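Student: The structure that follows is given in the form of structure tokens.
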Amino acid sequence: MMPGDLGADSASLPNPAPEQDVARAAAAIAPLANLPLFFKLRGRQAVVAGGSDAAAWKAELLAAAGAQVRAFAAAPSEKMTEVAGRRSGEVRIERRRWRPEDLAGAALAVGDFADRAESAAFHAAGRAAGAPVNVVDQPEFCDFSFGAIVNRSPLVIGVSTDGAAPVFGQTLRGRLESLIPQGFAAWAAAADRWRDHVQGLGANFRRRRNFWERFAALAMAKADRPPSEDDLRALIEAARVDAAAEEGEAIVVCAGPGGAESLTLKAWRALQSADAIVFDDLVPSEILDLGRREAARIRADQAREAVDRLVSLCREGKKVVRIRAGAADLRADDEEIAALRRDRIAYAIVPGVASLAVAKSEPGP
């Protein structure tokens with residue numbers, strides 16, 4: 001979600017009436033091994049216990065995120081000493097063993113111990129002090145874990161395998177590094193600077209979202225150069241005059257026969273930009289999971305019910321995706337499309353992948 005794309009606006013969408021709508025919407029988020037969070041540490045205290053190279057790396061990482069790090073180590077490694085010297089004022093070594101009272105007021109606590117009894121004591125002390133704890137390479141004493149990081153700050157991406165395959169996570173991180181230009185850091189920073197200008201577009205949510213959609217497209221196309229004030233002015237003007245920012249739109253997406261993997265790129269983009277997603281019982285949850293998190297998910301199993309929902313939401317200025325299972329294309333006499341035309345609702349159709357194409361892509365016996 002881009003800055004300024006406020007989830008609160010989705011609260012204005014009508015709540016699905018049937019109870020099964022709510023249950024199905026919740027199921028659109030698949031189970032997570034961990035909850036990915038981005039933790040604000042600037043100006044807060046973090047504790048690192050242990051003087052190993054692994055502890056030194058954690059101390060540097062915490063300091064890079066803005067924490068004031070107290071490192072407790074009776075015999076700090078050369079690496080820990082080097083980190084403290086390079087980050088003077090951010091990492092301070094206290095040459096002694098940690099004590100439970102050292103964790104008071106800590107936002108996070110990290111330890112590296114050879115003795116499991118000490119690991120258990122450190123974890124218990126952190127819990128007592130209200131500080132989440134990580135003990136290096138001992139997941140049973142961890143309240144959180146450090147994943148692989150792609151750093152284009154303020155754009156930051158974390159990758160975790162829940163400890164199951166760290167090398168796989170690092171390999172994926174390497175692939176992401178190659179796909180995400182360094183220039184994205186400048187665009188993400190500009191997004192933060194420009195938020196007040198976007199709020200100046202007024203209360204119309206579609207107009208603001210139009211700005212951020214255009215911003216994202218421009219960042220993708222021009223990542224090799226920094227954004228300029230001319231870019232800001234052009235994006236603001238385009239968002240103001242674009243009719244789609246004032247009027248609602250229905251996008252009918254045909255999912256095709258192969259589930260989420262056979263969705264077209266255009267279908268994926270539509271789901272990512274939707275204010276609401278109208279679906280029926282034949283649409284698999286894996287497809288709903290690809291939609292924008294803040295989008296209302298509304299179940300409508302009958303064509304007339306689906307049209308009523310589409311018309312109501314579009315007249316509120318919402319961008320609504322109607323996702324339909326199967327059907328690589330729609331017939332000219334399709335009931336829902338005819339109803340949208342009759343009600344003068346702007347619409348677009350995103351065809352699905354033909355079943356023959358899916359069959360050809362599947363491996364044979």
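Going through the structure tokens in order, the chains are called A, B, and so on, while each chain numbers its residues from 1 and the ligands are numbered from 1 in the order shown.
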Using only C-alpha atoms, what table do you get, as JSON lines, when you list each residue of region 249-356 of chain A with an atom no more than 12 Å from region 208-219 of chain A, its nearest pair of atoms, and their distance in Å rounded to one decimal, rows by chain then rising number?
Tutor:
```
{"residue": "A:Arg269", "atom": "CA", "partner": "A:Glu213", "partner_atom": "CA", "distance": 10.3}
{"residue": "A:Ala270", "atom": "CA", "partner": "A:Glu213", "partner_atom": "CA", "distance": 11.2}
{"residue": "A:Gln272", "atom": "CA", "partner": "A:Glu213", "partner_atom": "CA", "distance": 10.1}
{"residue": "A:Ser273", "atom": "CA", "partner": "A:Glu213", "partner_atom": "CA", "distance": 7.9}
{"residue": "A:Ala274", "atom": "CA", "partner": "A:Arg209", "partner_atom": "CA", "distance": 10.1}
{"residue": "A:Asp275", "atom": "CA", "partner": "A:Arg209", "partner_atom": "CA", "distance": 9.7}
{"residue": "A:Gly317", "atom": "CA", "partner": "A:Arg209", "partner_atom": "CA", "distance": 11.6}
{"residue": "A:Lys318", "atom": "CA", "partner": "A:Arg209", "partner_atom": "CA", "distance": 10.6}
{"residue": "A:Lys319", "atom": "CA", "partner": "A:Arg209", "partner_atom": "CA", "distance": 10.1}
```
Student: Please provide as an mmCIF file with N, CA and C atoms, in the first residue's frame all residues within 10 Å of Leu103 (chain A), with the sequence filter that same-chain residues fewer than 2 positions apart are discarded (counting only C-alpha atoms).
Tutor:
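The file below, selection36.cif, is the result:
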```cif
data_model
loop_
_atom_site.group_PDB
_atom_site.id
_atom_site.type_symbol
_atom_site.label_atom_id
_atom_site.label_comp_id
_atom_site.auth_asym_id
_atom_site.auth_seq_id
_atom_site.Cartn_x
_atom_site.Cartn_y
_atom_site.Cartn_z
ATOM 1 N N GLN A 45 15.601 2.228 23.527
ATOM 2 C CA GLN A 45 16.720 1.414 23.997
ATOM 3 C C GLN A 45 16.544 -0.045 23.585
ATOM 4 N N ALA A 46 17.615 -0.653 23.115
ATOM 5 C CA ALA A 46 17.650 -2.088 22.843
ATOM 6 C C ALA A 46 18.839 -2.688 23.585
ATOM 7 N N VAL A 47 18.675 -3.925 24.051
ATOM 8 C CA VAL A 47 19.720 -4.608 24.807
ATOM 9 C C VAL A 47 20.245 -5.782 23.989
ATOM 10 N N VAL A 48 21.568 -5.892 23.927
ATOM 11 C CA VAL A 48 22.211 -7.055 23.317
ATOM 12 C C VAL A 48 23.126 -7.667 24.369
ATOM 13 N N ALA A 49 22.914 -8.954 24.648
ATOM 14 C CA ALA A 49 23.738 -9.652 25.641
ATOM 15 C C ALA A 49 24.581 -10.698 24.930
ATOM 16 N N ARG A 70 22.572 -1.014 24.177
ATOM 17 C CA ARG A 70 23.463 -1.345 25.293
ATOM 18 C C ARG A 70 23.884 -2.797 25.105
ATOM 19 N N TRP A 98 25.261 -9.572 31.665
ATOM 20 C CA TRP A 98 23.964 -8.907 31.800
ATOM 21 C C TRP A 98 23.289 -9.264 33.128
ATOM 22 N N ARG A 99 22.401 -8.379 33.586
ATOM 23 C CA ARG A 99 21.604 -8.637 34.774
ATOM 24 C C ARG A 99 20.133 -8.392 34.436
ATOM 25 N N PRO A 100 19.205 -9.066 35.106
ATOM 26 C CA PRO A 100 17.788 -8.897 34.779
ATOM 27 C C PRO A 100 17.327 -7.444 34.760
ATOM 28 N N GLU A 101 17.851 -6.648 35.682
ATOM 29 C CA GLU A 101 17.415 -5.247 35.724
ATOM 30 C C GLU A 101 17.879 -4.440 34.504
ATOM 31 N N GLY A 105 12.856 -1.245 30.591
ATOM 32 C CA GLY A 105 12.724 -0.140 29.644
ATOM 33 C C GLY A 105 13.189 -0.449 28.236
ATOM 34 N N ALA A 106 13.670 -1.674 27.995
ATOM 35 C CA ALA A 106 14.159 -2.025 26.661
ATOM 36 C C ALA A 106 12.984 -2.283 25.713
ATOM 37 N N ALA A 107 13.100 -1.789 24.484
ATOM 38 C CA ALA A 107 12.081 -2.066 23.474
ATOM 39 C C ALA A 107 12.236 -3.470 22.919
ATOM 40 N N LEU A 108 13.487 -3.931 22.788
ATOM 41 C CA LEU A 108 13.813 -5.272 22.317
ATOM 42 C C LEU A 108 15.038 -5.766 23.063
ATOM 43 N N ALA A 109 15.152 -7.091 23.172
ATOM 44 C CA ALA A 109 16.332 -7.675 23.807
ATOM 45 C C ALA A 109 16.815 -8.859 22.975
ATOM 46 N N PHE A 122 17.454 -15.415 30.339
ATOM 47 C CA PHE A 122 17.367 -14.156 29.594
ATOM 48 C C PHE A 122 15.963 -13.969 29.027
ATOM 49 N N ALA A 125 13.632 -13.047 31.819
ATOM 50 C CA ALA A 125 13.861 -11.665 32.268
ATOM 51 C C ALA A 125 13.245 -10.676 31.275
ATOM 52 N N GLY A 126 13.357 -10.973 29.990
ATOM 53 C CA GLY A 126 12.748 -10.107 28.989
ATOM 54 C C GLY A 126 11.244 -10.081 29.103
ATOM 55 N N ARG A 127 10.648 -11.257 29.275
ATOM 56 C CA ARG A 127 9.199 -11.326 29.452
ATOM 57 C C ARG A 127 8.764 -10.516 30.665
ATOM 58 N N ALA A 128 9.503 -10.657 31.763
ATOM 59 C CA ALA A 128 9.159 -9.928 32.985
ATOM 60 C C ALA A 128 9.260 -8.420 32.788
ATOM 61 N N ALA A 129 10.216 -7.991 31.950
ATOM 62 C CA ALA A 129 10.411 -6.554 31.709
ATOM 63 C C ALA A 129 9.505 -6.022 30.595
ATOM 64 N N GLY A 130 8.773 -6.920 29.940
ATOM 65 C CA GLY A 130 7.902 -6.486 28.847
ATOM 66 C C GLY A 130 8.639 -6.251 27.550
ATOM 67 N N ALA A 131 9.827 -6.847 27.405
ATOM 68 C CA ALA A 131 10.626 -6.656 26.193
ATOM 69 C C ALA A 131 10.605 -7.935 25.351
#
```
Student: Write down as a list in words the residues of region 150-340 of chain A whose backbone DSSP state falls under strand (DSSP E).
Tutor: Val150, Asn151, Arg152, Leu155, Val156, Ile157, Gly158, Val159, Glu249, Ala250, Ile251, Val252, Val253, Cys254, Ala276, Ile277, Val278, Phe279, Ala296, Arg297, Ile298, Arg299, Lys319, Val320, Val321, Arg322, Ile323 and Arg324 of chain A
Student: Rounded to one decimal, what separation in Å do you get between CA of Ala55 (chain A) and CA of Met80 (chain A)?
Tutor: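 Separation between CA of Ala55 (chain A) and CA of Met80 (chain A): 7.4 Å.
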Student: For a test of reading the model, state the distance in Å between CA of Pro284 (chain A) and CA of Val252 (chain A), rounded to one decimal.
Tutor: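 A separation of 16.1 Å between them.
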Student: Just the residues within 10 Å of region 151-164 of chain A, please, counting only C-alpha atoms, with nothing from its chain fewer than 5 positions along; format it as a ChimeraX atom specification.
Tutor: /A:32-34,36-38,137,139,144-146,169-170,172-173,176-177,180-192
Student: Could you name the residues that touch Val307 (chain A) at 9 Å or less, counting only C-alpha atoms, but leaving out those on the same chain fewer than 5 positions away, as a PyMOL selection string?
Tutor: chain A and resi 300+302+312+336-337+339-340
